[in-house]
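Participant: Below you'll find query.txt; it's compact mmCIF, N, CA and C atoms.
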```txt
# COMPACT_ATOMS: atom_id res chain seq x y z
N MET A 1 168.76 12.68 27.38
CA MET A 1 169.11 14.07 27.50
C MET A 1 168.28 14.74 28.57
N ARG A 2 168.88 15.73 29.22
CA ARG A 2 168.18 16.50 30.24
C ARG A 2 167.30 17.55 29.61
N LYS A 3 166.20 17.85 30.28
CA LYS A 3 165.36 18.95 29.85
C LYS A 3 166.05 20.25 30.22
N PRO A 4 166.03 21.25 29.36
CA PRO A 4 166.64 22.52 29.73
C PRO A 4 165.83 23.19 30.85
N ARG A 5 166.54 23.76 31.79
CA ARG A 5 165.88 24.46 32.90
C ARG A 5 165.48 25.85 32.46
N PRO A 6 164.31 26.31 32.88
CA PRO A 6 163.93 27.68 32.55
C PRO A 6 164.83 28.66 33.30
N ASN A 7 165.04 29.82 32.71
CA ASN A 7 165.86 30.84 33.36
C ASN A 7 165.12 31.37 34.56
N SER A 8 165.79 31.38 35.69
CA SER A 8 165.20 31.98 36.89
C SER A 8 166.30 32.75 37.62
N PHE A 9 165.88 33.69 38.44
CA PHE A 9 166.83 34.46 39.21
C PHE A 9 167.44 33.59 40.29
N ASN A 10 168.66 33.92 40.73
CA ASN A 10 169.21 33.19 41.87
C ASN A 10 168.40 33.60 43.10
N PRO A 11 168.43 32.83 44.17
CA PRO A 11 167.56 33.09 45.32
C PRO A 11 167.68 34.50 45.90
N ALA A 12 168.87 35.04 46.01
CA ALA A 12 169.03 36.38 46.57
C ALA A 12 168.38 37.44 45.68
N GLN A 13 168.56 37.30 44.37
CA GLN A 13 167.95 38.24 43.43
C GLN A 13 166.43 38.13 43.49
N ALA A 14 165.91 36.92 43.54
CA ALA A 14 164.46 36.71 43.58
C ALA A 14 163.86 37.31 44.84
N LEU A 15 164.49 37.09 46.00
CA LEU A 15 163.97 37.64 47.25
C LEU A 15 163.96 39.17 47.23
N ASN A 16 165.00 39.76 46.68
CA ASN A 16 165.08 41.22 46.58
C ASN A 16 163.98 41.75 45.65
N LEU A 17 163.78 41.10 44.53
CA LEU A 17 162.77 41.50 43.56
C LEU A 17 161.37 41.37 44.16
N ILE A 18 161.10 40.27 44.85
CA ILE A 18 159.80 40.04 45.48
C ILE A 18 159.55 41.07 46.58
N ALA A 19 160.56 41.37 47.39
CA ALA A 19 160.41 42.37 48.45
C ALA A 19 160.09 43.74 47.86
N ASN A 20 160.78 44.11 46.79
CA ASN A 20 160.50 45.39 46.13
C ASN A 20 159.09 45.43 45.57
N ASP A 21 158.63 44.32 45.01
CA ASP A 21 157.28 44.26 44.47
C ASP A 21 156.24 44.39 45.57
N ARG A 22 156.42 43.69 46.67
CA ARG A 22 155.47 43.76 47.78
C ARG A 22 155.42 45.14 48.40
N ASN A 23 156.54 45.86 48.40
CA ASN A 23 156.59 47.21 48.98
C ASN A 23 156.19 48.29 47.99
N GLY A 24 155.94 47.93 46.74
CA GLY A 24 155.50 48.90 45.74
C GLY A 24 156.61 49.71 45.11
N HIS A 25 157.86 49.28 45.25
CA HIS A 25 158.98 49.98 44.64
C HIS A 25 159.04 49.66 43.14
N PRO A 26 159.64 50.55 42.33
CA PRO A 26 159.79 50.25 40.90
C PRO A 26 160.68 49.01 40.70
N LEU A 27 160.35 48.22 39.69
CA LEU A 27 161.07 46.97 39.46
C LEU A 27 161.95 47.06 38.23
N SER A 28 163.16 46.51 38.35
CA SER A 28 164.05 46.34 37.20
C SER A 28 164.82 45.05 37.42
N CYS A 29 165.22 44.42 36.34
CA CYS A 29 165.91 43.15 36.40
C CYS A 29 167.27 43.31 37.08
N PRO A 30 167.57 42.50 38.10
CA PRO A 30 168.88 42.59 38.75
C PRO A 30 170.01 42.05 37.87
N SER A 31 169.69 41.28 36.83
CA SER A 31 170.72 40.72 35.96
C SER A 31 171.08 41.64 34.80
N CYS A 32 170.04 42.18 34.13
CA CYS A 32 170.32 42.97 32.91
C CYS A 32 169.72 44.37 32.95
N SER A 33 169.10 44.76 34.04
CA SER A 33 168.46 46.07 34.22
C SER A 33 167.29 46.30 33.28
N GLY A 34 166.70 45.22 32.77
CA GLY A 34 165.54 45.34 31.89
C GLY A 34 164.26 45.57 32.67
N ASP A 35 163.18 45.78 31.93
CA ASP A 35 161.86 45.98 32.55
C ASP A 35 161.30 44.66 33.04
N ILE A 36 160.53 44.73 34.12
CA ILE A 36 159.90 43.55 34.70
C ILE A 36 158.41 43.59 34.37
N GLU A 37 157.92 42.48 33.83
CA GLU A 37 156.50 42.31 33.54
C GLU A 37 155.88 41.54 34.69
N ARG A 38 154.73 42.01 35.17
CA ARG A 38 154.09 41.40 36.33
C ARG A 38 152.77 40.77 35.91
N ASP A 39 152.53 39.54 36.36
CA ASP A 39 151.27 38.87 36.07
C ASP A 39 150.72 38.29 37.36
N PRO A 40 149.58 38.65 37.87
CA PRO A 40 148.61 39.60 37.34
C PRO A 40 149.09 41.03 37.55
N SER A 41 148.62 41.93 36.71
CA SER A 41 149.13 43.30 36.73
C SER A 41 148.48 44.17 37.79
N GLN A 42 147.38 43.72 38.42
CA GLN A 42 146.73 44.55 39.42
C GLN A 42 147.54 44.60 40.71
N VAL A 43 147.56 45.79 41.31
CA VAL A 43 148.30 46.00 42.56
C VAL A 43 147.33 46.48 43.60
N PRO A 44 147.20 45.91 44.76
CA PRO A 44 147.79 44.64 45.17
C PRO A 44 147.07 43.46 44.51
N PRO A 45 147.76 42.35 44.36
CA PRO A 45 147.12 41.18 43.75
C PRO A 45 146.09 40.57 44.69
N PRO A 46 145.16 39.80 44.16
CA PRO A 46 144.20 39.12 45.03
C PRO A 46 144.92 38.20 46.02
N PRO A 47 144.39 38.07 47.23
CA PRO A 47 145.03 37.19 48.21
C PRO A 47 145.15 35.75 47.69
N ARG A 48 146.25 35.13 48.03
CA ARG A 48 146.55 33.74 47.68
C ARG A 48 146.69 33.50 46.17
N SER A 49 146.93 34.55 45.40
CA SER A 49 147.14 34.36 43.96
C SER A 49 148.63 34.22 43.68
N HIS A 50 148.95 33.54 42.61
CA HIS A 50 150.33 33.37 42.19
C HIS A 50 150.75 34.58 41.38
N VAL A 51 151.87 35.20 41.76
CA VAL A 51 152.39 36.38 41.07
C VAL A 51 153.67 35.97 40.37
N THR A 52 153.79 36.29 39.09
CA THR A 52 154.99 35.99 38.32
C THR A 52 155.63 37.31 37.90
N LEU A 53 156.91 37.44 38.18
CA LEU A 53 157.69 38.60 37.78
C LEU A 53 158.69 38.12 36.74
N LYS A 54 158.59 38.65 35.50
CA LYS A 54 159.43 38.17 34.41
C LYS A 54 160.10 39.34 33.70
N CYS A 55 161.40 39.19 33.43
CA CYS A 55 162.15 40.21 32.71
C CYS A 55 161.81 40.13 31.22
N THR A 56 161.54 41.28 30.62
CA THR A 56 161.21 41.31 29.20
C THR A 56 162.44 41.15 28.32
N ASN A 57 163.64 41.42 28.85
CA ASN A 57 164.88 41.29 28.05
C ASN A 57 165.47 39.89 28.10
N CYS A 58 165.79 39.42 29.30
CA CYS A 58 166.52 38.14 29.42
C CYS A 58 165.61 36.94 29.70
N GLY A 59 164.34 37.18 30.05
CA GLY A 59 163.41 36.09 30.26
C GLY A 59 163.48 35.43 31.62
N ARG A 60 164.32 35.92 32.52
CA ARG A 60 164.38 35.32 33.86
C ARG A 60 163.10 35.65 34.62
N PHE A 61 162.74 34.79 35.56
CA PHE A 61 161.49 35.00 36.28
C PHE A 61 161.61 34.62 37.75
N ALA A 62 160.66 35.13 38.53
CA ALA A 62 160.50 34.77 39.94
C ALA A 62 159.01 34.66 40.19
N ARG A 63 158.62 33.74 41.06
CA ARG A 63 157.21 33.54 41.39
C ARG A 63 157.05 33.55 42.90
N TYR A 64 155.90 34.09 43.33
CA TYR A 64 155.56 34.02 44.75
C TYR A 64 154.04 34.02 44.90
N ILE A 65 153.58 33.69 46.10
CA ILE A 65 152.15 33.68 46.39
C ILE A 65 151.82 34.93 47.20
N ALA A 66 150.89 35.72 46.68
CA ALA A 66 150.51 36.98 47.34
C ALA A 66 149.82 36.69 48.67
N GLY A 67 150.12 37.51 49.64
CA GLY A 67 149.48 37.37 50.95
C GLY A 67 150.16 36.37 51.86
N ALA A 68 151.13 35.63 51.38
CA ALA A 68 151.85 34.67 52.21
C ALA A 68 153.16 35.30 52.65
N ALA A 69 153.36 35.37 53.95
CA ALA A 69 154.62 35.94 54.42
C ALA A 69 155.10 35.28 55.66
```
Represent the structure from my file as structure tokens, please.
Facilitator:
Amino acid sequence: MRKPRPNSFNPAQALNLIANDRNGHPLSCPSCSGDIERDPSQVPPPPRSHVTLKCTNCGRFARYIAGAA
């Protein structure tokens, strides 16, 4: 049997969400309009840290590395 894949945003949704986060715009889930939880919560994040954006309703997530562009 295959392992179930974790829910993640499609690439276009993830890029839009990451761009909004980097620009400091308010975040909402592009799939269900739920709230987005950010880890780490400090803004701006430390350089080269992994940032996870996760929807509190549907559980979809996106990850990126801060300071890399």
Participant: Report the residues of chain A whose backbone DSSP state falls under strand (DSSP E or B), written as a ChimeraX atom specification.
Facilitator: /A:8,28,35-39,50-55,61-65
Participant: Write a file of the just-selected residues containing N, CA and C atoms, as a PDB file, in the frame of the given file.
Facilitator:
```pdb
ATOM      1  N   SER A   8     165.790  31.380  35.690  1.00  0.00           N
ATOM      2  CA  SER A   8     165.200  31.980  36.890  1.00  0.00           C
ATOM      3  C   SER A   8     166.300  32.750  37.620  1.00  0.00           C
ATOM      4  N   SER A  28     163.160  46.510  38.350  1.00  0.00           N
ATOM      5  CA  SER A  28     164.050  46.340  37.200  1.00  0.00           C
ATOM      6  C   SER A  28     164.820  45.050  37.420  1.00  0.00           C
ATOM      7  N   ASP A  35     163.180  45.780  31.930  1.00  0.00           N
ATOM      8  CA  ASP A  35     161.860  45.980  32.550  1.00  0.00           C
ATOM      9  C   ASP A  35     161.300  44.660  33.040  1.00  0.00           C
ATOM     10  N   ILE A  36     160.530  44.730  34.120  1.00  0.00           N
ATOM     11  CA  ILE A  36     159.900  43.550  34.700  1.00  0.00           C
ATOM     12  C   ILE A  36     158.410  43.590  34.370  1.00  0.00           C
ATOM     13  N   GLU A  37     157.920  42.480  33.830  1.00  0.00           N
ATOM     14  CA  GLU A  37     156.500  42.310  33.540  1.00  0.00           C
ATOM     15  C   GLU A  37     155.880  41.540  34.690  1.00  0.00           C
ATOM     16  N   ARG A  38     154.730  42.010  35.170  1.00  0.00           N
ATOM     17  CA  ARG A  38     154.090  41.400  36.330  1.00  0.00           C
ATOM     18  C   ARG A  38     152.770  40.770  35.910  1.00  0.00           C
ATOM     19  N   ASP A  39     152.530  39.540  36.360  1.00  0.00           N
ATOM     20  CA  ASP A  39     151.270  38.870  36.070  1.00  0.00           C
ATOM     21  C   ASP A  39     150.720  38.290  37.360  1.00  0.00           C
ATOM     22  N   HIS A  50     148.950  33.540  42.610  1.00  0.00           N
ATOM     23  CA  HIS A  50     150.330  33.370  42.190  1.00  0.00           C
ATOM     24  C   HIS A  50     150.750  34.580  41.380  1.00  0.00           C
ATOM     25  N   VAL A  51     151.870  35.200  41.760  1.00  0.00           N
ATOM     26  CA  VAL A  51     152.390  36.380  41.070  1.00  0.00           C
ATOM     27  C   VAL A  51     153.670  35.970  40.370  1.00  0.00           C
ATOM     28  N   THR A  52     153.790  36.290  39.090  1.00  0.00           N
ATOM     29  CA  THR A  52     154.990  35.990  38.320  1.00  0.00           C
ATOM     30  C   THR A  52     155.630  37.310  37.900  1.00  0.00           C
ATOM     31  N   LEU A  53     156.910  37.440  38.180  1.00  0.00           N
ATOM     32  CA  LEU A  53     157.690  38.600  37.780  1.00  0.00           C
ATOM     33  C   LEU A  53     158.690  38.120  36.740  1.00  0.00           C
ATOM     34  N   LYS A  54     158.590  38.650  35.500  1.00  0.00           N
ATOM     35  CA  LYS A  54     159.430  38.170  34.410  1.00  0.00           C
ATOM     36  C   LYS A  54     160.100  39.340  33.700  1.00  0.00           C
ATOM     37  N   CYS A  55     161.400  39.190  33.430  1.00  0.00           N
ATOM     38  CA  CYS A  55     162.150  40.210  32.710  1.00  0.00           C
ATOM     39  C   CYS A  55     161.810  40.130  31.220  1.00  0.00           C
ATOM     40  N   PHE A  61     162.740  34.790  35.560  1.00  0.00           N
ATOM     41  CA  PHE A  61     161.490  35.000  36.280  1.00  0.00           C
ATOM     42  C   PHE A  61     161.610  34.620  37.750  1.00  0.00           C
ATOM     43  N   ALA A  62     160.660  35.130  38.530  1.00  0.00           N
ATOM     44  CA  ALA A  62     160.500  34.770  39.940  1.00  0.00           C
ATOM     45  C   ALA A  62     159.010  34.660  40.190  1.00  0.00           C
ATOM     46  N   ARG A  63     158.620  33.740  41.060  1.00  0.00           N
ATOM     47  CA  ARG A  63     157.210  33.540  41.390  1.00  0.00           C
ATOM     48  C   ARG A  63     157.050  33.550  42.900  1.00  0.00           C
ATOM     49  N   TYR A  64     155.900  34.090  43.330  1.00  0.00           N
ATOM     50  CA  TYR A  64     155.560  34.020  44.750  1.00  0.00           C
ATOM     51  C   TYR A  64     154.040  34.020  44.900  1.00  0.00           C
ATOM     52  N   ILE A  65     153.580  33.690  46.100  1.00  0.00           N
ATOM     53  CA  ILE A  65     152.150  33.680  46.390  1.00  0.00           C
ATOM     54  C   ILE A  65     151.820  34.930  47.200  1.00  0.00           C
TER      55      ILE A  65
END
```
Participant: Find the residues around Tyr64 of chain A up to 7 Å (all atoms listed in the file counted), leave out those fewer than 5 positions away in its own chain, and share them as a PyMOL selection string.
Facilitator: chain A and resi 49-53
Participant: Could you please determine the separation between atom N of Lys54 of chain A and atom CA of Ser33 of chain A in Å, to one decimal place?
Facilitator: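 Taking atom N of Lys54 of chain A and atom CA of Ser33 of chain A, their separation equals 12.4 Å.
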Participant: Residues within 7 Å of Arg60 of chain A, please, as a list of chain:residue names. Count only C-alpha atoms; anything in the same chain fewer than 3 positions from it doesn't count.
Facilitator: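 That gives A:Asn7, A:Ser8, A:Phe9, A:Lys54, A:Cys55.
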Participant: Which is closest to Asp21 of chain A among A:Thr56, A:Gln42, A:Pro6, A:Arg48, if we use only C-alpha atoms?
Facilitator: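 Of the candidates, the smallest distance to Asp21 of chain A is held by A:Gln42.
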Participant: According to DSSP computed on the backbone, where in chain A is there helix (DSSP H, G or I)? Give the residues as a PyMOL selection string.
Facilitator: chain A and resi 11-23
Participant: Between A:Gly67, A:Pro30, A:Phe61, A:Asp35, which is the closest to Pro47 of chain A once you count only C-alpha atoms?
Facilitator: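 Checking each candidate against Pro47 of chain A, we get A:Gly67 as the closest.
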Participant: Could you jot down the atom N of Cys32 of chain A to atom N of Ala12 of chain A separation for me, Å, one decimal place?
Facilitator: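 Taking atom N of Cys32 of chain A as the start and atom N of Ala12 of chain A as the end point, the length is 13.9 Å.
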Participant: Could you tell me how far atom CA of Leu27 of chain A lies from atom N of Pro4 of chain A, in Å and to one decimal?
Facilitator: 28.1 Å
Participant: Segment 45-56 of chain A, all listed atoms, 6 Å padding on each side: what axis-aligned box centre and edge lengths in Å to one decimal come out, as AutoDock Vina command-line options?
Facilitator:
```
--center_x 153.3 --center_y 37.9 --center_z 38.3 --size_x 30.2 --size_y 21.0 --size_z 31.9
```
Participant: For Pro44 of chain A, which residue out of A:Asn16, A:Asn23, A:Ser31, A:Asn10 is the nearest one, using only C-alpha atoms?
Facilitator: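 For Pro44 of chain A, the nearest of the candidates is A:Asn23.
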